[in-house]
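Q: File name input_2.pdb; file contents PDB, C-alpha atoms; full text below.
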```pdb
ATOM      1  CA  MET A   1     -10.654   8.164  32.017
ATOM      2  CA  THR A   2     -10.024   6.441  28.713
ATOM      3  CA  ALA A   3      -6.678   7.098  27.049
ATOM      4  CA  THR A   4      -6.735   7.445  23.272
ATOM      5  CA  GLN A   5      -4.223   8.319  20.590
ATOM      6  CA  GLU A   6      -4.284  10.810  17.792
ATOM      7  CA  HIS A   7      -2.929  10.035  14.350
ATOM      8  CA  VAL A   8      -1.655  12.684  11.990
ATOM      9  CA  VAL A   9      -2.804  12.689   8.395
ATOM     10  CA  THR A  10       0.287  10.698   7.356
ATOM     11  CA  GLY A  11      -0.791   7.866   9.650
ATOM     12  CA  LYS A  12       2.060   8.150  12.161
ATOM     13  CA  PRO A  13       0.879   7.922  15.787
ATOM     14  CA  THR A  14       1.536  10.762  18.176
ATOM     15  CA  ALA A  15       1.748  10.660  21.951
ATOM     16  CA  GLY A  16      -1.315   9.439  23.830
ATOM     17  CA  PHE A  17      -3.598  11.828  25.635
ATOM     18  CA  HIS A  18      -6.584  11.726  27.958
ATOM     19  CA  PHE A  19      -9.844  12.711  26.325
ATOM     20  CA  PRO A  20     -11.616  15.207  28.616
ATOM     21  CA  LYS A  21     -14.921  13.672  29.649
ATOM     22  CA  PRO A  22     -17.783  16.117  30.327
ATOM     23  CA  PRO A  23     -19.126  16.364  33.889
ATOM     24  CA  SER A  24     -22.663  15.628  32.677
ATOM     25  CA  ASP A  25     -24.650  14.830  29.546
ATOM     26  CA  ALA A  26     -25.958  18.394  29.509
ATOM     27  CA  ALA A  27     -22.372  19.688  29.511
ATOM     28  CA  ALA A  28     -21.580  17.347  26.614
ATOM     29  CA  ARG A  29     -24.464  18.787  24.584
ATOM     30  CA  ARG A  30     -23.335  22.343  25.403
ATOM     31  CA  ASP A  31     -19.815  21.460  24.285
ATOM     32  CA  ILE A  32     -21.155  20.119  20.985
ATOM     33  CA  SER A  33     -23.210  23.280  20.454
ATOM     34  CA  HIS A  34     -20.118  25.380  21.137
ATOM     35  CA  GLU A  35     -18.083  23.391  18.599
ATOM     36  CA  LEU A  36     -20.818  23.752  15.989
ATOM     37  CA  HIS A  37     -20.989  27.497  16.623
ATOM     38  CA  HIS A  38     -17.233  27.885  16.106
ATOM     39  CA  LEU A  39     -16.905  25.289  13.345
ATOM     40  CA  HIS A  40     -16.188  27.929  10.682
ATOM     41  CA  GLU A  41     -13.305  29.401  12.692
ATOM     42  CA  LYS A  42     -11.919  25.920  13.294
ATOM     43  CA  ALA A  43     -12.171  25.134   9.577
ATOM     44  CA  GLU A  44     -10.233  28.286   8.669
ATOM     45  CA  GLU A  45      -7.553  27.396  11.206
ATOM     46  CA  ILE A  46      -7.207  23.923   9.696
ATOM     47  CA  LYS A  47      -6.990  25.353   6.175
ATOM     48  CA  ARG A  48      -4.039  27.549   7.184
ATOM     49  CA  ALA A  49      -1.979  24.526   8.298
ATOM     50  CA  PRO A  50      -3.666  21.263   7.236
ATOM     51  CA  ALA A  51      -0.511  19.174   7.682
ATOM     52  CA  GLU A  52      -0.411  20.068  11.386
ATOM     53  CA  PHE A  53      -3.973  18.863  12.005
ATOM     54  CA  HIS A  54      -4.358  15.751  14.186
ATOM     55  CA  PRO A  55      -7.540  13.650  13.679
ATOM     56  CA  ARG A  56      -9.478  12.779  16.830
ATOM     57  CA  LEU A  57     -10.771   9.397  17.883
ATOM     58  CA  VAL A  58     -14.271   9.965  19.305
ATOM     59  CA  LEU A  59     -15.964   7.124  21.188
ATOM     60  CA  SER A  60     -19.319   7.057  22.948
ATOM     61  CA  ASP A  61     -17.540   6.900  26.310
ATOM     62  CA  HIS A  62     -15.876  10.244  25.580
ATOM     63  CA  VAL A  63     -19.247  12.011  25.414
ATOM     64  CA  ARG A  64     -20.895  10.390  28.427
ATOM     65  CA  GLY A  65     -21.205  12.450  31.574
ATOM     66  CA  SER A  66     -19.492  11.431  34.806
ATOM     67  CA  SER A  67     -22.093  12.666  37.326
ATOM     68  CA  PRO A  68     -23.910  10.210  39.662
ATOM     69  CA  LEU A  69     -27.102  10.432  37.589
ATOM     70  CA  ASP A  70     -25.158   9.690  34.428
ATOM     71  CA  LYS A  71     -23.559   6.648  36.071
ATOM     72  CA  ILE A  72     -27.012   5.429  37.094
ATOM     73  CA  ALA A  73     -28.171   5.919  33.506
ATOM     74  CA  ASP A  74     -25.195   3.876  32.301
ATOM     75  CA  GLY A  75     -26.141   1.042  34.654
ATOM     76  CA  VAL A  76     -29.796   1.095  33.626
ATOM     77  CA  ASN A  77     -28.900   1.132  29.940
ATOM     78  CA  ARG A  78     -26.494  -1.769  30.384
ATOM     79  CA  ILE A  79     -29.153  -3.803  32.190
ATOM     80  CA  CYS A  80     -31.976  -2.968  29.781
ATOM     81  CA  GLY A  81     -29.760  -3.665  26.778
ATOM     82  CA  SER A  82     -28.521  -7.044  27.992
ATOM     83  CA  MET A  83     -29.581 -10.196  26.165
ATOM     84  CA  TRP A  84     -29.418 -12.121  29.454
ATOM     85  CA  VAL A  85     -32.113  -9.835  30.880
ATOM     86  CA  PHE A  86     -34.169 -10.325  27.713
ATOM     87  CA  LEU A  87     -33.880 -14.112  27.958
ATOM     88  CA  GLY A  88     -34.658 -14.085  31.686
ATOM     89  CA  ILE A  89     -37.795 -11.956  31.263
ATOM     90  CA  THR A  90     -38.981 -13.998  28.276
ATOM     91  CA  ILE A  91     -38.523 -17.313  30.090
ATOM     92  CA  GLY A  92     -40.158 -15.861  33.201
ATOM     93  CA  ILE A  93     -43.221 -14.691  31.266
ATOM     94  CA  ILE A  94     -43.645 -18.075  29.565
ATOM     95  CA  ALA A  95     -43.298 -19.883  32.899
ATOM     96  CA  TRP A  96     -45.788 -17.466  34.509
ATOM     97  CA  LEU A  97     -48.355 -18.116  31.760
ATOM     98  CA  PHE A  98     -48.335 -21.847  32.435
ATOM     99  CA  LEU A  99     -47.797 -21.877  36.202
ATOM    100  CA  GLY A 100     -50.409 -19.160  36.756
ATOM    101  CA  ASN A 101     -53.150 -21.463  35.517
ATOM    102  CA  VAL A 102     -51.681 -24.642  37.000
ATOM    103  CA  ILE A 103     -51.057 -23.304  40.501
ATOM    104  CA  GLY A 104     -53.901 -20.816  40.344
ATOM    105  CA  PHE A 105     -52.194 -17.628  41.552
ATOM    106  CA  ASP A 106     -52.824 -15.770  38.249
ATOM    107  CA  LYS A 107     -55.294 -17.404  35.889
ATOM    108  CA  THR A 108     -56.133 -16.377  32.327
ATOM    109  CA  PRO A 109     -56.166 -13.528  31.253
ATOM    110  CA  TRP A 110     -53.303 -13.106  33.783
ATOM    111  CA  PRO A 111     -54.258  -9.692  35.274
ATOM    112  CA  LEU A 112     -51.404  -9.726  37.804
ATOM    113  CA  LEU A 113     -48.829 -10.382  35.069
ATOM    114  CA  LEU A 114     -50.228  -7.557  32.935
ATOM    115  CA  VAL A 115     -50.048  -5.136  35.860
ATOM    116  CA  ILE A 116     -46.454  -6.125  36.644
ATOM    117  CA  LEU A 117     -45.424  -5.763  32.986
ATOM    118  CA  ASN A 118     -47.140  -2.379  32.544
ATOM    119  CA  LEU A 119     -45.737  -0.721  35.663
ATOM    120  CA  PRO A 120     -42.076  -0.299  34.533
ATOM    121  CA  GLN A 121     -42.887   0.679  30.963
ATOM    122  CA  LEU A 122     -42.757   4.438  31.564
ATOM    123  CA  SER A 123     -39.372   4.229  33.295
ATOM    124  CA  ILE A 124     -38.018   1.963  30.577
ATOM    125  CA  MET A 125     -39.222   4.352  27.853
ATOM    126  CA  ILE A 126     -37.468   7.275  29.567
ATOM    127  CA  SER A 127     -34.317   5.161  29.908
ATOM    128  CA  LEU A 128     -34.408   4.339  26.208
ATOM    129  CA  GLN A 129     -34.755   8.026  25.376
ATOM    130  CA  VAL A 130     -31.756   8.844  27.572
ATOM    131  CA  SER A 131     -29.774   6.184  25.712
ATOM    132  CA  ALA A 132     -30.895   7.618  22.372
ATOM    133  CA  ASN A 133     -29.839  11.133  23.425
ATOM    134  CA  ARG A 134     -26.408   9.837  24.379
ATOM    135  CA  ALA A 135     -26.042   8.010  21.088
ATOM    136  CA  GLN A 136     -27.030  11.168  19.208
ATOM    137  CA  ALA A 137     -24.489  13.241  21.160
ATOM    138  CA  ALA A 138     -21.721  10.745  20.338
ATOM    139  CA  SER A 139     -22.773  10.762  16.676
ATOM    140  CA  ASP A 140     -22.700  14.583  16.532
ATOM    141  CA  LYS A 141     -19.277  14.707  18.208
ATOM    142  CA  ARG A 142     -17.952  12.098  15.789
ATOM    143  CA  ALA A 143     -19.429  13.956  12.801
ATOM    144  CA  ILE A 144     -17.639  17.171  13.839
ATOM    145  CA  ALA A 145     -14.323  15.326  14.188
ATOM    146  CA  ASP A 146     -14.781  13.642  10.781
ATOM    147  CA  HIS A 147     -15.678  16.973   9.181
ATOM    148  CA  GLU A 148     -12.481  18.577  10.488
ATOM    149  CA  THR A 149     -10.430  15.639   9.222
ATOM    150  CA  LEU A 150     -12.019  15.873   5.763
ATOM    151  CA  ILE A 151     -11.250  19.598   5.614
ATOM    152  CA  ALA A 152      -7.567  18.896   6.351
ATOM    153  CA  LEU A 153      -7.427  16.127   3.734
ATOM    154  CA  HIS A 154      -9.161  18.352   1.164
ATOM    155  CA  GLU A 155      -6.691  21.201   1.709
ATOM    156  CA  MET A 156      -3.721  18.844   1.469
ATOM    157  CA  ALA A 157      -5.135  17.409  -1.773
ATOM    158  CA  LYS A 158      -5.466  20.949  -3.176
ATOM    159  CA  GLN A 159      -1.863  21.692  -2.237
ATOM    160  CA  GLN A 160      -0.696  18.499  -3.946
ATOM    161  CA  ILE A 161      -2.621  19.424  -7.097
ATOM    162  CA  ASP A 162      -0.988  22.881  -7.100
ATOM    163  CA  ILE A 163       2.453  21.264  -6.756
ATOM    164  CA  LEU A 164       1.737  18.878  -9.642
ATOM    165  CA  GLN A 165       0.497  21.735 -11.830
ATOM    166  CA  GLY A 166       3.667  23.696 -11.029
ATOM    167  CA  GLN A 167       5.766  20.687 -12.003
ATOM    168  CA  ASP A 168       3.858  20.393 -15.281
ATOM    169  CA  THR A 169       4.573  24.081 -16.018
ATOM    170  CA  VAL A 170       8.290  23.667 -15.319
ATOM    171  CA  LEU A 171       8.475  20.528 -17.469
ATOM    172  CA  ALA A 172       6.712  22.361 -20.319
ATOM    173  CA  LEU A 173       9.225  25.225 -20.155
ATOM    174  CA  LEU A 174      12.161  22.793 -20.123
ATOM    175  CA  ASN A 175      10.704  20.937 -23.080
ATOM    176  CA  LYS A 176      10.257  24.178 -25.007
ATOM    177  CA  PHE A 177      13.812  25.246 -24.236
ATOM    178  CA  ALA A 178      15.218  21.880 -25.272
ATOM    179  CA  SER A 179      13.205  21.712 -28.507
ATOM    180  CA  THR A 180      13.436  25.317 -29.763
ATOM    181  CA  ASP A 181      15.884  27.537 -27.918
ATOM    182  CA  MET A 182      18.698  25.059 -27.349
ATOM    183  CA  PRO A 183      19.353  24.114 -31.044
ATOM    184  CA  GLY A 184      19.540  27.790 -32.027
ATOM    185  CA  ARG A 185      21.976  28.545 -29.249
ATOM    186  CA  GLN A 186      24.110  25.560 -30.196
ATOM    187  CA  GLN A 187      24.273  26.818 -33.794
ATOM    188  CA  ALA A 188      25.264  30.318 -32.686
ATOM    189  CA  MET A 189      27.957  28.882 -30.400
ATOM    190  CA  GLN A 190      29.303  26.745 -33.243
ATOM    191  CA  GLN A 191      29.482  29.782 -35.570
ATOM    192  CA  CYS A 192      31.358  31.760 -32.917
ATOM    193  CA  ILE A 193      33.829  28.900 -32.456
ATOM    194  CA  ASP A 194      34.350  28.654 -36.241
ATOM    195  CA  GLN A 195      35.078  32.403 -36.442
ATOM    196  CA  ILE A 196      37.595  32.166 -33.623
ATOM    197  CA  LEU A 197      39.336  29.219 -35.245
ATOM    198  CA  ALA A 198      39.411  31.036 -38.606
ATOM    199  CA  GLU A 199      40.979  34.110 -37.046
ATOM    200  CA  VAL A 200      43.550  32.031 -35.229
ATOM    201  CA  SER A 201      44.480  30.015 -38.330
ATOM    202  CA  SER A 202      44.750  33.126 -40.557
ATOM    203  CA  LYS A 203      47.369  34.819 -38.390
ATOM    204  CA  PRO A 204      51.014  34.114 -39.403
ATOM    205  CA  THR A 205      53.013  31.914 -37.129
ATOM    206  CA  PRO A 206      55.903  33.853 -35.521
ATOM    207  CA  ALA A 207      59.426  32.739 -36.538
TER     208      ALA A 207
END
```
Could you write out this file's structure as structure tokens?

A:
Amino acid sequence: MTATQEHVVTGKPTAGFHFPKPPSDAAARRDISHELHHLHEKAEEIKRAPAEFHPRLVLSDHVRGSSPLDKIADGVNRICGSMWVFLGITIGIIAWLFLGNVIGFDKTPWPLLLVILNLPQLSIMISLQVSANRAQAASDKRAIADHETLIALHEMAKQQIDILQGQDTVLALLNKFASTDMPGRQQAMQQCIDQILAEVSSKPTPA
């Protein structure tokens, strides 16, 4: 089982964890359908505490089933998608085209070669469709994880904008107080001090 790591929105890594692999490809598709069905509830949960959300790293291996049939599908897809197999088949076909006429075991229009090439086509087409289904499942799982991450980032951006707007309001009030209220209060304080000094200076000094 592949170990991955989550990263919080601030970019600091958290402890590693094991991504739960589905028992089969069908179970993976059911899990994706369940996540899509409850995506609204998950989004609301993220909005309540976006800073506590941990983005997920979703790889194709995390969505692949672990049943015997799925392992066979993995092997077939690896073989069919190998460039070495492509080169081997291509070289073999070219050699067959020439040697078939030279040796005489399969002359033009090479009926035996055409039969051999046509026989596995149906199985290969099904294998390609299985591979496409797996790729689509991984893409859907990754899209859900990215959507949740974007929701958390959007909510944190909204909170930052609210904080900045609050700071602007406080700065505006301080500026108003410093420009209008403070000079008037300073003048009133100075008048009060002058009155006190006048009263003190007018009283006779005791002998």

Q: Would you mind listing what lies within 8 Å of Ala73 of chain A as number ranges by chain, with all atoms listed in the file counted and same-chain residues fewer than 5 positions away left out?

A: A: 127, 130-131

Q: Show me a table, sorted first by chain and then by increasing residue number, of the residues of segment 36-61 of chain A having an atom at most 7 Å from segment 135-155 of chain A, each with its shortest atom pair and the distance in Å to one decimal, counting all atoms listed in the file and written as JSON lines.

A:
```
{"residue": "A:Ala43", "atom": "CA", "partner": "A:Glu148", "partner_atom": "CA", "distance": 6.6}
{"residue": "A:Ile46", "atom": "CA", "partner": "A:Ala152", "partner_atom": "CA", "distance": 6.0}
{"residue": "A:Lys47", "atom": "CA", "partner": "A:Glu155", "partner_atom": "CA", "distance": 6.1}
{"residue": "A:Pro50", "atom": "CA", "partner": "A:Ala152", "partner_atom": "CA", "distance": 4.6}
{"residue": "A:Phe53", "atom": "CA", "partner": "A:Ala152", "partner_atom": "CA", "distance": 6.7}
{"residue": "A:Pro55", "atom": "CA", "partner": "A:Thr149", "partner_atom": "CA", "distance": 5.7}
{"residue": "A:Arg56", "atom": "CA", "partner": "A:Ala145", "partner_atom": "CA", "distance": 6.1}
{"residue": "A:Val58", "atom": "CA", "partner": "A:Arg142", "partner_atom": "CA", "distance": 5.5}
{"residue": "A:Leu59", "atom": "CA", "partner": "A:Ala138", "partner_atom": "CA", "distance": 6.9}
{"residue": "A:Ser60", "atom": "CA", "partner": "A:Ala138", "partner_atom": "CA", "distance": 5.1}
```

Q: Restricting it to C-alpha atoms, dump the selection as a short mmCIF file (atom, residue, chain, number, x, y, z; two decimals), keeping the file's coordinate frame.

A:
```cif
data_model
loop_
_atom_site.label_atom_id
_atom_site.label_comp_id
_atom_site.auth_asym_id
_atom_site.auth_seq_id
_atom_site.Cartn_x
_atom_site.Cartn_y
_atom_site.Cartn_z
CA ALA A 43 -12.17 25.13 9.58
CA ILE A 46 -7.21 23.92 9.70
CA LYS A 47 -6.99 25.35 6.18
CA PRO A 50 -3.67 21.26 7.24
CA PHE A 53 -3.97 18.86 12.00
CA PRO A 55 -7.54 13.65 13.68
CA ARG A 56 -9.48 12.78 16.83
CA VAL A 58 -14.27 9.96 19.30
CA LEU A 59 -15.96 7.12 21.19
CA SER A 60 -19.32 7.06 22.95
#
```

Q: Tell me, as a ChimeraX atom specification, which residues lie within 8 Å of segment 120-125 of chain A, counting all atoms listed in the file; anything in the same chain fewer than 4 positions away does not count.

A: /A:80,116,129

Q: Nearest to Leu69 of chain A among A:Lys107, A:Leu99, A:Asp25, A:Ala49, with distances taken over all atoms listed in the file: which residue is it?

A: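 That would be A:Asp25, the residue with the smallest distance to Leu69 of chain A.
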
Q: Any idea what the distance is between atom CA of Lys176 of chain A and atom CA of Ala188 of chain A?

A: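 Atom CA of Ala188 of chain A lies 17.9 Å from atom CA of Lys176 of chain A.
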
Q: So what do you get for atom CA of Asn77 of chain A versus atom CA of Asp61 of chain A, distance-wise?

A: 13.2 Å

Q: Select all residues near (-51.5, -12.8, 36.5) (cut-off 9 Å, inclusive, file coordinates), counting all atoms listed in the file, and output them as number ranges by chain.

A: A: 96-97, 100-101, 105-116

Q: Give me, please, the distance in Å between atom CA of Met83 of chain A and atom CA of Ser24 of chain A, quoted to one decimal.

A: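 Result for atom CA of Met83 of chain A versus atom CA of Ser24 of chain A: 27.5 Å, one decimal.
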
Q: Pick out the closest residue to Ala28 of chain A from this set: A:Ile103, A:Leu197, A:Ala51, A:Val63. Count all atoms listed in the file.

A: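 Checking each candidate against Ala28 of chain A, we get A:Val63 as the closest.
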
Q: Enclose segment 30-41 of chain A, meaning all of its atoms listed in the file, in a box aligned along x, y and z, pad it by 8 Å on each side, and list the centre and edge lengths in Å to one decimal, as lines of an AutoDock Vina configuration file.

A:
```
center_x = -18.3
center_y = 24.8
center_z = 18.0
size_x = 26.0
size_y = 25.3
size_z = 30.7
```

Q: Can you sort out segment 154-165 of chain A so it carries N, CA and C atoms, written as a compact mmCIF listing (two decimals), keeping the file's coordinate frame?

A:
```txt
# COMPACT_ATOMS: atom_id res chain seq x y z
N HIS A 154 -8.82 17.60 2.37
CA HIS A 154 -9.16 18.35 1.16
C HIS A 154 -8.12 19.44 0.88
N GLU A 155 -7.69 20.15 1.91
CA GLU A 155 -6.69 21.20 1.71
C GLU A 155 -5.35 20.61 1.28
N MET A 156 -4.97 19.47 1.88
CA MET A 156 -3.72 18.84 1.47
C MET A 156 -3.79 18.34 0.03
N ALA A 157 -4.96 17.84 -0.38
CA ALA A 157 -5.14 17.41 -1.77
C ALA A 157 -5.02 18.60 -2.73
N LYS A 158 -5.58 19.74 -2.34
CA LYS A 158 -5.47 20.95 -3.18
C LYS A 158 -4.01 21.38 -3.29
N GLN A 159 -3.27 21.32 -2.18
CA GLN A 159 -1.86 21.69 -2.24
C GLN A 159 -1.07 20.75 -3.14
N GLN A 160 -1.38 19.45 -3.08
CA GLN A 160 -0.70 18.50 -3.95
C GLN A 160 -1.01 18.75 -5.42
N ILE A 161 -2.26 19.11 -5.71
CA ILE A 161 -2.62 19.42 -7.10
C ILE A 161 -1.87 20.66 -7.58
N ASP A 162 -1.74 21.68 -6.72
CA ASP A 162 -0.99 22.88 -7.10
C ASP A 162 0.48 22.54 -7.37
N ILE A 163 1.06 21.66 -6.54
CA ILE A 163 2.45 21.26 -6.76
C ILE A 163 2.61 20.53 -8.09
N LEU A 164 1.68 19.62 -8.38
CA LEU A 164 1.74 18.88 -9.64
C LEU A 164 1.57 19.80 -10.84
N GLN A 165 0.67 20.78 -10.73
CA GLN A 165 0.50 21.74 -11.83
C GLN A 165 1.76 22.57 -12.02
```
